[in-house]
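Before any comments, here is the structure.
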Amino acid sequence: MAARTAMKRTGKMKQRIEFEVNGKTREVLVEPWKTLLEVLREELGLTGAKMGCDDGNCGACTVIVEGQAIKSCLMLAPQARGKKILTIEGLGSEENPHPLQQAFIDHFAVQCGFCTPGMILAAKALLDENPEATEMDIRENLHGNICRCTGYVKIVEAIEAARDVLAKGPKS
Amino acid sequence: MSSEKAFSPPYSVIGKSIPRVDALDKVLGRAQFTADLQRNFPGLLHIKVLRSPHAHARIIKLDVTKAEKYPRVRAVVTGKDCPDKINTRAPRILALDEAIWGGEGVAAVAAESPEIAEEALRLIQVEYEKLPAVLDAEEAMQPNPPAVVDRQLGQYRGSPQFTPEAPNISGHYKLRTGDVEKRFAEADIILENRFSTSRVCHSQLEPASCIARFEPGGGVTLWTNGQGVHVIRGIISDQFDLPAAKVRVINPYQGGSFGSRLRHYVEPLATLLALKTRGTVEFTYTREEMYLAGSTRLPVVTYIKTGARKDGTIVAQQMKIIVDNGAFYAAVQDGRMAASGAVCVYRIPNFFMDSYGVNTNTPWAGAYRGLGTPQVAWAVECQLDMLAEKLGMDPVELRRKNVLHKGEKNAYGETIESIGVMECMEKVAEEIRLVEPCVQEPGPWKKGRGVAMGGKQNTPRGRSEAETLVYEDGTVEVLYSADEQGMGSETIMVQIAAEEFKISISQVRVRRGDTAITPYDTFSASSFTTYNTGNALRMACRDAIGQVLEAAARKLEASVDDLALANGKILVKGSPTMALADLFIPFSMFTPQGGPSLKKGTPVHGKGIFAPSPAIPWDPEIGQTPRMWNWYQYNACGVEVAVNTETGEVKILKGVVAADMGFPINPKMCEGQIEGGFGMAVGASLLEEYIYRDGLMINSSYGNYRIPTFREMPFRDRFKTFFASDPLPDGPYGSKGVGEGTMIAVAPAIANAIYNAVGIRLKDLPLSPERVLQALKEKRS
């Protein structure tokens with residue numbers, strides 16, 4: 001964080017950064033010390049990723065970069081140059097929600113909803129990598145995403161239900 | 001007991017686990033929270049605050065001229081620029097002559113970017129003179145304390161109960177019933193202990209955030225995640241001398257609150273700077289600010305002396321309850337609410353209780369899920385297990401012997417209307433297999449089981465209004481102002497409207513939380529949204545239905561008693577139905593558009609108002625009254641833990657919770673509250689505490705202040721929830737509330753289980769590895 005503060009004071013020159021967000025090529029002109037989270041929210045209007053702490057401890061800003069769940073408050077915008085980024089807005093739609101989104105609704109895994117986008121994307125990255133993830137795998141892989149409302153019980157339930165749906169059907 | 005079937009028979013929507021109506025927006029990432037709206041305001045200014053690095057200091061010099069001159073800074077304010085009106089619902093905006101806790105705001109900057117605002121803060125020159133600070137409530141409450149925290153204490157408007165026995169005591173409540181001295185003398189056994197709880201923070205995921213826009217003509221519009229749009233309007237209008245009609249407050253979704261947002265710590269400063277810059281400003285707390293200058297839970301010290309007969313009957317109890325307000329009292333200032341946790345569960349015929357609110361030079365505290373009752377129940381429920389052991393009695397039997405029954409009077413003199421606590425306890429004791437010894441394995445981990453129970457009062461306050469608009473197509477719009485901080489109030493309101501109008505939930509739309517549009521409500525607190533706002537909405541539904549049926553009766557020349565409204569149709573006894581739409585007269589030049597009939601394009605407008613009957617004042621010397629509070633929600637918890645005798649770690653292997661929330665309108669959402677309350681309580685029990693150095697909190701981040709993750713919870717198949725509902729006569733459909741009770745029994749259940757596992761009795765929260773190890777060491781020597 002200290003390095004970023006120093007950069008903020010000196011690095012006023014904006015940089016052109018191109019990446020792919022939710023399947024579309026996007027180009028932004030931003031100061032190099034801006035985080036990916038800030039760019040997504042402020043430049044691209046993708047406010048599904050939330051800022052809960054700004055130091056990588058809550059996971060509310062989780063997005064998927066090149067298949068990996070990352071905390072977008074810890075990635076500077078230039079580090080995302082040329083990468084493929086998936087945010088919650090690109091995962092599913094009202095007509096066709098992703099099985100994880102549907103499972104979070106069906107299993108009451110949502111309360112205040114502030115952790116939900118990050119939680120769903122962290123779960124997606126896990127299930128993409130390990131389609132047979134057990135409750136133990138979920139607990140170990142997602143413990144960097146915190147939720148203060150649910151006690152996690154129904155979140156685990158939803159992820160396990162989505163895992164089973166994804167195992168049966170064609171991958172969306 | 002936990003199945004939904006038991007609750008559903010007479011209803012079509014109520015009592016069923018209807019999916020949350022806000023869930024789709026939330027999983028798609030399109031639900032709007034306050035900070036998400038910032039991009040809608042071009043030219044938005046950003047506020048940053050300079051905070052005191054001392055627990056208590058006099059501000060000798062404060063020079064902001066360099067900051068004011070910094071390019072793209074639009075305004076700098078200090079305590080001198082703040083309105084001098086103090087409101088007990090909001091801490092003072094900025095320090096004036098003294099900063100009274102580590103983290104209190106001293107100056108604020110509004111600039112064109114957050115980075116510039118931060119840079120400008122560094123240009124502000126402050127000289128402090130460190131003053132003695134008092135961090136400990138027991139020290140602070142002395143007649144001659146090391147420091148006087150707040151010299152204005154007692155001058156706050158709205159604090160008639162201020163009793164200046166000592167300069168840091170904000171209030172004192174006394175409960176006196178029977179003859180305690182005499183009964184202690186006759187008791188077979190007397191047990192005396194001291195228990196304490198740490199300072200913990202709500203740590204809700206979404207930081208406090210507000211956008212304030214100056215309106216031409218001198219008004220202001222606020223978008224905020226603070227609770228209670230009308231209460232906020234009242235505070236802002238009062239502090240800034242603005243007519244209420246010139247203050248509009250809009251409430252997007254709130255990312256958790258748990259009581260944190262009941263006091264308003266971002267809205268006044270945002271308003272001040274919006275008025276000063278005549279622009280639009282945003283003020284969003286950092287996570288560090290949430291810990292230092294947001295609300296916290298009240299740390300409580302409880303002295304408890306219990307006298308009992310050999311058969312387990314409690315004959316007398318004396319308690320002294322010291323509630324640490326921090327630097328600003330933001331709760332009931334006499335500790336009465338925390339103390340209620342010791343009154344609402346057991347029959348205590350002779351009770352001598354004092355509770356105090358005490359100010360200290362620490363971050364301010366206030367409402368936090370349960371408002372003090374879990375901290376006091378922590379003492380009561382550990383004490384009962386210790387008493388049971390001394391009596392050689394089963395801890396459940398001891399509770400059964402002393403628990404209050406419906407129709408009985410508690411120590412306040414209130415008659416208990418609804419109490420399902422013992423049913424909760426019987427269920428958890430059975431499910432956790434309390435009577436069976438744990439099978440121990442070789443190695444350092446030792447297992448044990450424990451139970452506890454408790455109750456939370458509901459504060460009889462507030463006024464909730466609701467409106468319904470019934471359209472000719474049979475759809476219904478509901479308007480109300482209760483918060484949606486995650487507990488599911490929107491879903492409950494939609495269920496109530498759908499039930500009353502006999503329509504599907506998709507035919508109900510919600511308009512919520514905008515003082516310019518939606519009717520008055522207080523805020524969502526004390527678990528009363530279903531009860532207060534739900535009752536009001538039910539009346540608003542019935543009002544509209546009554547109007548529709550009257551119109552139908554006129555048209556059909558039938559008696560209203562023979563008519564009913566369901567699914568957009570008028571049902572007539574013994575006749576074919578009539579479409580609701582046919583009651584609405586279309587506009588034409590040749591039809592009368594006045595008169596009592598329903599008109600196309602103009603919905604029928606129903607209104608409802610609900611306000612619980614108020615508390616009845618008590619004699620301050622004895623504290624008794626037939627109505628101190630409203631109803632009580634109850635809870636019991638059983639856990640199986642493993643204690644590592646080498647590291648002091650405590651793992652929760654199994655958890656069972658049963659709750660009495662009255663009739664559960666949405667069982668799955670009630671389960672969610674129980675699970676969430678358990679998780680939150682695990683944090684307060686095992687992990688969470690403010691750590692201070694020189695009076696300053698040094699662990700003010702999620703990384704250093706640990707809240708439970710997936711790992712701290714028991715596995716899904718080892719965690720069970722149950723309902724033991726005792727319906728409330730005046731609750732909507734018999735419901736009470738569920739949000740807060742779920743915190744109460746967890747910490748003492750864990751402590752009782754630790755005792756069962758390794759024979760150590762911990763009396764201070766959190767039950768950290770250091771404390772467990774220390775106690776194990778003391779036990780061995």
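Just remember, in the structure tokens the first chain shown is A, the second B, etc., residues are 1-based per chain, and ligands are 1-based in the order shown.
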
Write down, as an NGL selection string, each residue of chain B that has any atom within 6 Å of an atom of chain A, counting only C-alpha atoms. :B and (23 or 26-27 or 29 or 36 or 204-206 or 255-256 or 287 or 485-486 or 672 or 675-676 or 679 or 702-703 or 709-711 or 716)

Output N, CA and C atoms for every residue in that selection, as a PDB file, in the first residue's frame.
ATOM      1  N   ALA B  23     -32.918 -11.235  -4.238  1.00  0.00           N
ATOM      2  CA  ALA B  23     -31.774 -12.131  -4.488  1.00  0.00           C
ATOM      3  C   ALA B  23     -31.299 -12.051  -5.938  1.00  0.00           C
ATOM      4  N   LYS B  26     -29.142  -9.148  -6.553  1.00  0.00           N
ATOM      5  CA  LYS B  26     -27.885  -9.255  -5.808  1.00  0.00           C
ATOM      6  C   LYS B  26     -26.936 -10.276  -6.444  1.00  0.00           C
ATOM      7  N   VAL B  27     -27.456 -11.396  -6.959  1.00  0.00           N
ATOM      8  CA  VAL B  27     -26.534 -12.370  -7.580  1.00  0.00           C
ATOM      9  C   VAL B  27     -26.059 -11.904  -8.951  1.00  0.00           C
ATOM     10  N   GLY B  29     -25.311  -8.859  -9.536  1.00  0.00           N
ATOM     11  CA  GLY B  29     -24.403  -7.724  -9.303  1.00  0.00           C
ATOM     12  C   GLY B  29     -25.015  -6.396  -9.677  1.00  0.00           C
ATOM     13  N   ASP B  36     -22.177   2.609  -5.154  1.00  0.00           N
ATOM     14  CA  ASP B  36     -22.371   2.303  -6.581  1.00  0.00           C
ATOM     15  C   ASP B  36     -23.008   3.468  -7.330  1.00  0.00           C
ATOM     16  N   GLN B 204     -19.613  -5.073   9.418  1.00  0.00           N
ATOM     17  CA  GLN B 204     -20.438  -5.373   8.246  1.00  0.00           C
ATOM     18  C   GLN B 204     -19.651  -5.043   6.986  1.00  0.00           C
ATOM     19  N   LEU B 205     -19.938  -5.798   5.911  1.00  0.00           N
ATOM     20  CA  LEU B 205     -19.055  -5.734   4.743  1.00  0.00           C
ATOM     21  C   LEU B 205     -19.033  -4.378   4.052  1.00  0.00           C
ATOM     22  N   GLU B 206     -20.170  -3.712   4.017  1.00  0.00           N
ATOM     23  CA  GLU B 206     -20.207  -2.432   3.310  1.00  0.00           C
ATOM     24  C   GLU B 206     -19.892  -1.289   4.281  1.00  0.00           C
ATOM     25  N   GLY B 255     -25.415  -2.859   3.003  1.00  0.00           N
ATOM     26  CA  GLY B 255     -24.586  -4.065   3.107  1.00  0.00           C
ATOM     27  C   GLY B 255     -24.322  -4.471   4.535  1.00  0.00           C
ATOM     28  N   GLY B 256     -25.385  -4.861   5.233  1.00  0.00           N
ATOM     29  CA  GLY B 256     -25.272  -5.261   6.641  1.00  0.00           C
ATOM     30  C   GLY B 256     -25.290  -4.041   7.537  1.00  0.00           C
ATOM     31  N   ARG B 287     -12.134   1.030   5.816  1.00  0.00           N
ATOM     32  CA  ARG B 287     -12.338  -0.041   6.799  1.00  0.00           C
ATOM     33  C   ARG B 287     -11.735   0.355   8.148  1.00  0.00           C
ATOM     34  N   GLN B 485     -31.255  -4.115   5.226  1.00  0.00           N
ATOM     35  CA  GLN B 485     -29.817  -4.225   5.461  1.00  0.00           C
ATOM     36  C   GLN B 485     -29.350  -5.662   5.292  1.00  0.00           C
ATOM     37  N   GLY B 486     -30.230  -6.502   4.763  1.00  0.00           N
ATOM     38  CA  GLY B 486     -29.842  -7.880   4.490  1.00  0.00           C
ATOM     39  C   GLY B 486     -30.743  -8.896   5.157  1.00  0.00           C
ATOM     40  N   GLY B 672     -31.589 -18.516   8.188  1.00  0.00           N
ATOM     41  CA  GLY B 672     -30.436 -17.687   7.813  1.00  0.00           C
ATOM     42  C   GLY B 672     -30.035 -16.735   8.929  1.00  0.00           C
ATOM     43  N   GLU B 675     -28.326 -18.892  11.635  1.00  0.00           N
ATOM     44  CA  GLU B 675     -26.963 -19.286  11.251  1.00  0.00           C
ATOM     45  C   GLU B 675     -26.017 -18.082  11.286  1.00  0.00           C
ATOM     46  N   GLY B 676     -26.519 -16.963  10.778  1.00  0.00           N
ATOM     47  CA  GLY B 676     -25.685 -15.755  10.747  1.00  0.00           C
ATOM     48  C   GLY B 676     -25.385 -15.250  12.149  1.00  0.00           C
ATOM     49  N   GLY B 679     -22.756 -17.445  13.616  1.00  0.00           N
ATOM     50  CA  GLY B 679     -21.429 -17.127  13.076  1.00  0.00           C
ATOM     51  C   GLY B 679     -20.859 -15.870  13.701  1.00  0.00           C
ATOM     52  N   TYR B 702      -9.382  -5.704   8.652  1.00  0.00           N
ATOM     53  CA  TYR B 702      -9.863  -7.088   8.608  1.00  0.00           C
ATOM     54  C   TYR B 702      -8.713  -8.080   8.793  1.00  0.00           C
ATOM     55  N   GLY B 703      -7.499  -7.681   8.380  1.00  0.00           N
ATOM     56  CA  GLY B 703      -6.360  -8.589   8.513  1.00  0.00           C
ATOM     57  C   GLY B 703      -5.952  -8.797   9.962  1.00  0.00           C
ATOM     58  N   THR B 709     -14.350 -16.862   9.320  1.00  0.00           N
ATOM     59  CA  THR B 709     -14.398 -17.226   7.906  1.00  0.00           C
ATOM     60  C   THR B 709     -15.117 -18.570   7.814  1.00  0.00           C
ATOM     61  N   PHE B 710     -15.139 -19.126   6.603  1.00  0.00           N
ATOM     62  CA  PHE B 710     -15.707 -20.467   6.420  1.00  0.00           C
ATOM     63  C   PHE B 710     -15.110 -21.465   7.410  1.00  0.00           C
ATOM     64  N   ARG B 711     -13.829 -21.261   7.733  1.00  0.00           N
ATOM     65  CA  ARG B 711     -13.118 -22.275   8.527  1.00  0.00           C
ATOM     66  C   ARG B 711     -13.582 -22.361   9.969  1.00  0.00           C
ATOM     67  N   ARG B 716     -21.346 -28.201   7.569  1.00  0.00           N
ATOM     68  CA  ARG B 716     -22.769 -28.001   7.302  1.00  0.00           C
ATOM     69  C   ARG B 716     -23.654 -29.086   7.931  1.00  0.00           C
TER      70      ARG B 716
END

Find the spatial neighbours of Glu132 (chain A), counting only C-alpha atoms, within a cut-off of 10 Å - ignore same-chain residues fewer than 6 positions away - and output them as JSON, numbers by chain. {"A": [126, 160, 163, 164, 166, 167]}

Would you mind exporting the chosen residues as a PDB file, in the first residue's frame, restricted to C-alpha atoms?
ATOM      1  CA  LEU A 126     -12.902 -23.137  -7.705  1.00  0.00           C
ATOM      2  CA  GLU A 160     -22.440 -27.730  -3.479  1.00  0.00           C
ATOM      3  CA  ARG A 163     -21.471 -28.109  -8.339  1.00  0.00           C
ATOM      4  CA  ASP A 164     -23.961 -30.976  -8.743  1.00  0.00           C
ATOM      5  CA  LEU A 166     -22.795 -28.248 -13.327  1.00  0.00           C
ATOM      6  CA  ALA A 167     -21.617 -31.861 -13.129  1.00  0.00           C
TER       7      ALA A 167
END

Residue neighbourhood Met319 (chain B), 7 Å, only C-alpha atoms, exclusion window fewer than 2 positions, as a list in words: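 Skipping anything fewer than 2 positions along the chain leaves Thr302, Tyr303, Ile304, Lys305, Gln317, Ile321, Phe352, Met353 and Asp354 of chain B.
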
Considering only C-alpha atoms, return as a VMD selection string whatever protein or nucleic-acid residues lie within 6 Å of Ser72 (chain A), sequence-local ones (same chain, fewer than 2 positions apart) excluded. chain A and resid 36 to 37 61 to 62 70 74 to 75

May I ask which of the residues A:Glu66, A:Glu95, A:Asp137, A:Glu129 is the closest one to Glu20 (chain A), counting only C-alpha atoms? A:Glu66

7 Å contact set for Phe610 (chain B), only C-alpha atoms, chain neighbours under 4 positions out, as a ChimeraX atom specification: /B:463-465,532,535-536

By how many Å are CA of Leu549 (chain B) and CA of Leu571 (chain B) apart?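 Going from CA of Leu549 (chain B) over to CA of Leu571 (chain B) covers 9.6 Å.
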
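Taking only C-alpha atoms into account, Trp629 (chain B) lies nearest to B:Asn458 out of the set B:Asn458, B:Thr522, B:Asn704, B:Thr491.
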
How many Å lie between CA of Val560 (chain B) and CA of Tyr733 (chain B), rounded to one decimal?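 Calculated distance between CA of Val560 (chain B) and CA of Tyr733 (chain B) is 23.6 Å.
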
Pick from B:Gly474, B:Gly595, B:Gly102, B:Gly259, whichever lies nearest to Ile570 (chain B) using only C-alpha atoms: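 Checking each of B:Gly474, B:Gly595, B:Gly102, B:Gly259 against Ile570 (chain B), counting only C-alpha atoms, the winner is B:Gly474.
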
A straight line from CA of Pro83 (chain B) to CA of Ala110 (chain B) spans 17.6 Å

B:Lys406, B:Ala90, B:Thr177, B:Leu292: which is nearest Ala330 (chain B), counting only C-alpha atoms? B:Ala90

Per DSSP on the backbone, what are the alpha helix (DSSP H) residues of region 383-583 of chain B, as an MDAnalysis selection string? chainID B and resid 383:391 395:402 421:431 489:501 534:556

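With only C-alpha atoms taken into account, the protein and nucleic acid residues at most 7 Å from Ile496 (chain B) (excluding it and anything under 3 positions from it in its own chain) are B:Ile14, B:Ile492, B:Met493, B:Glu499, B:Glu500, B:Arg538.
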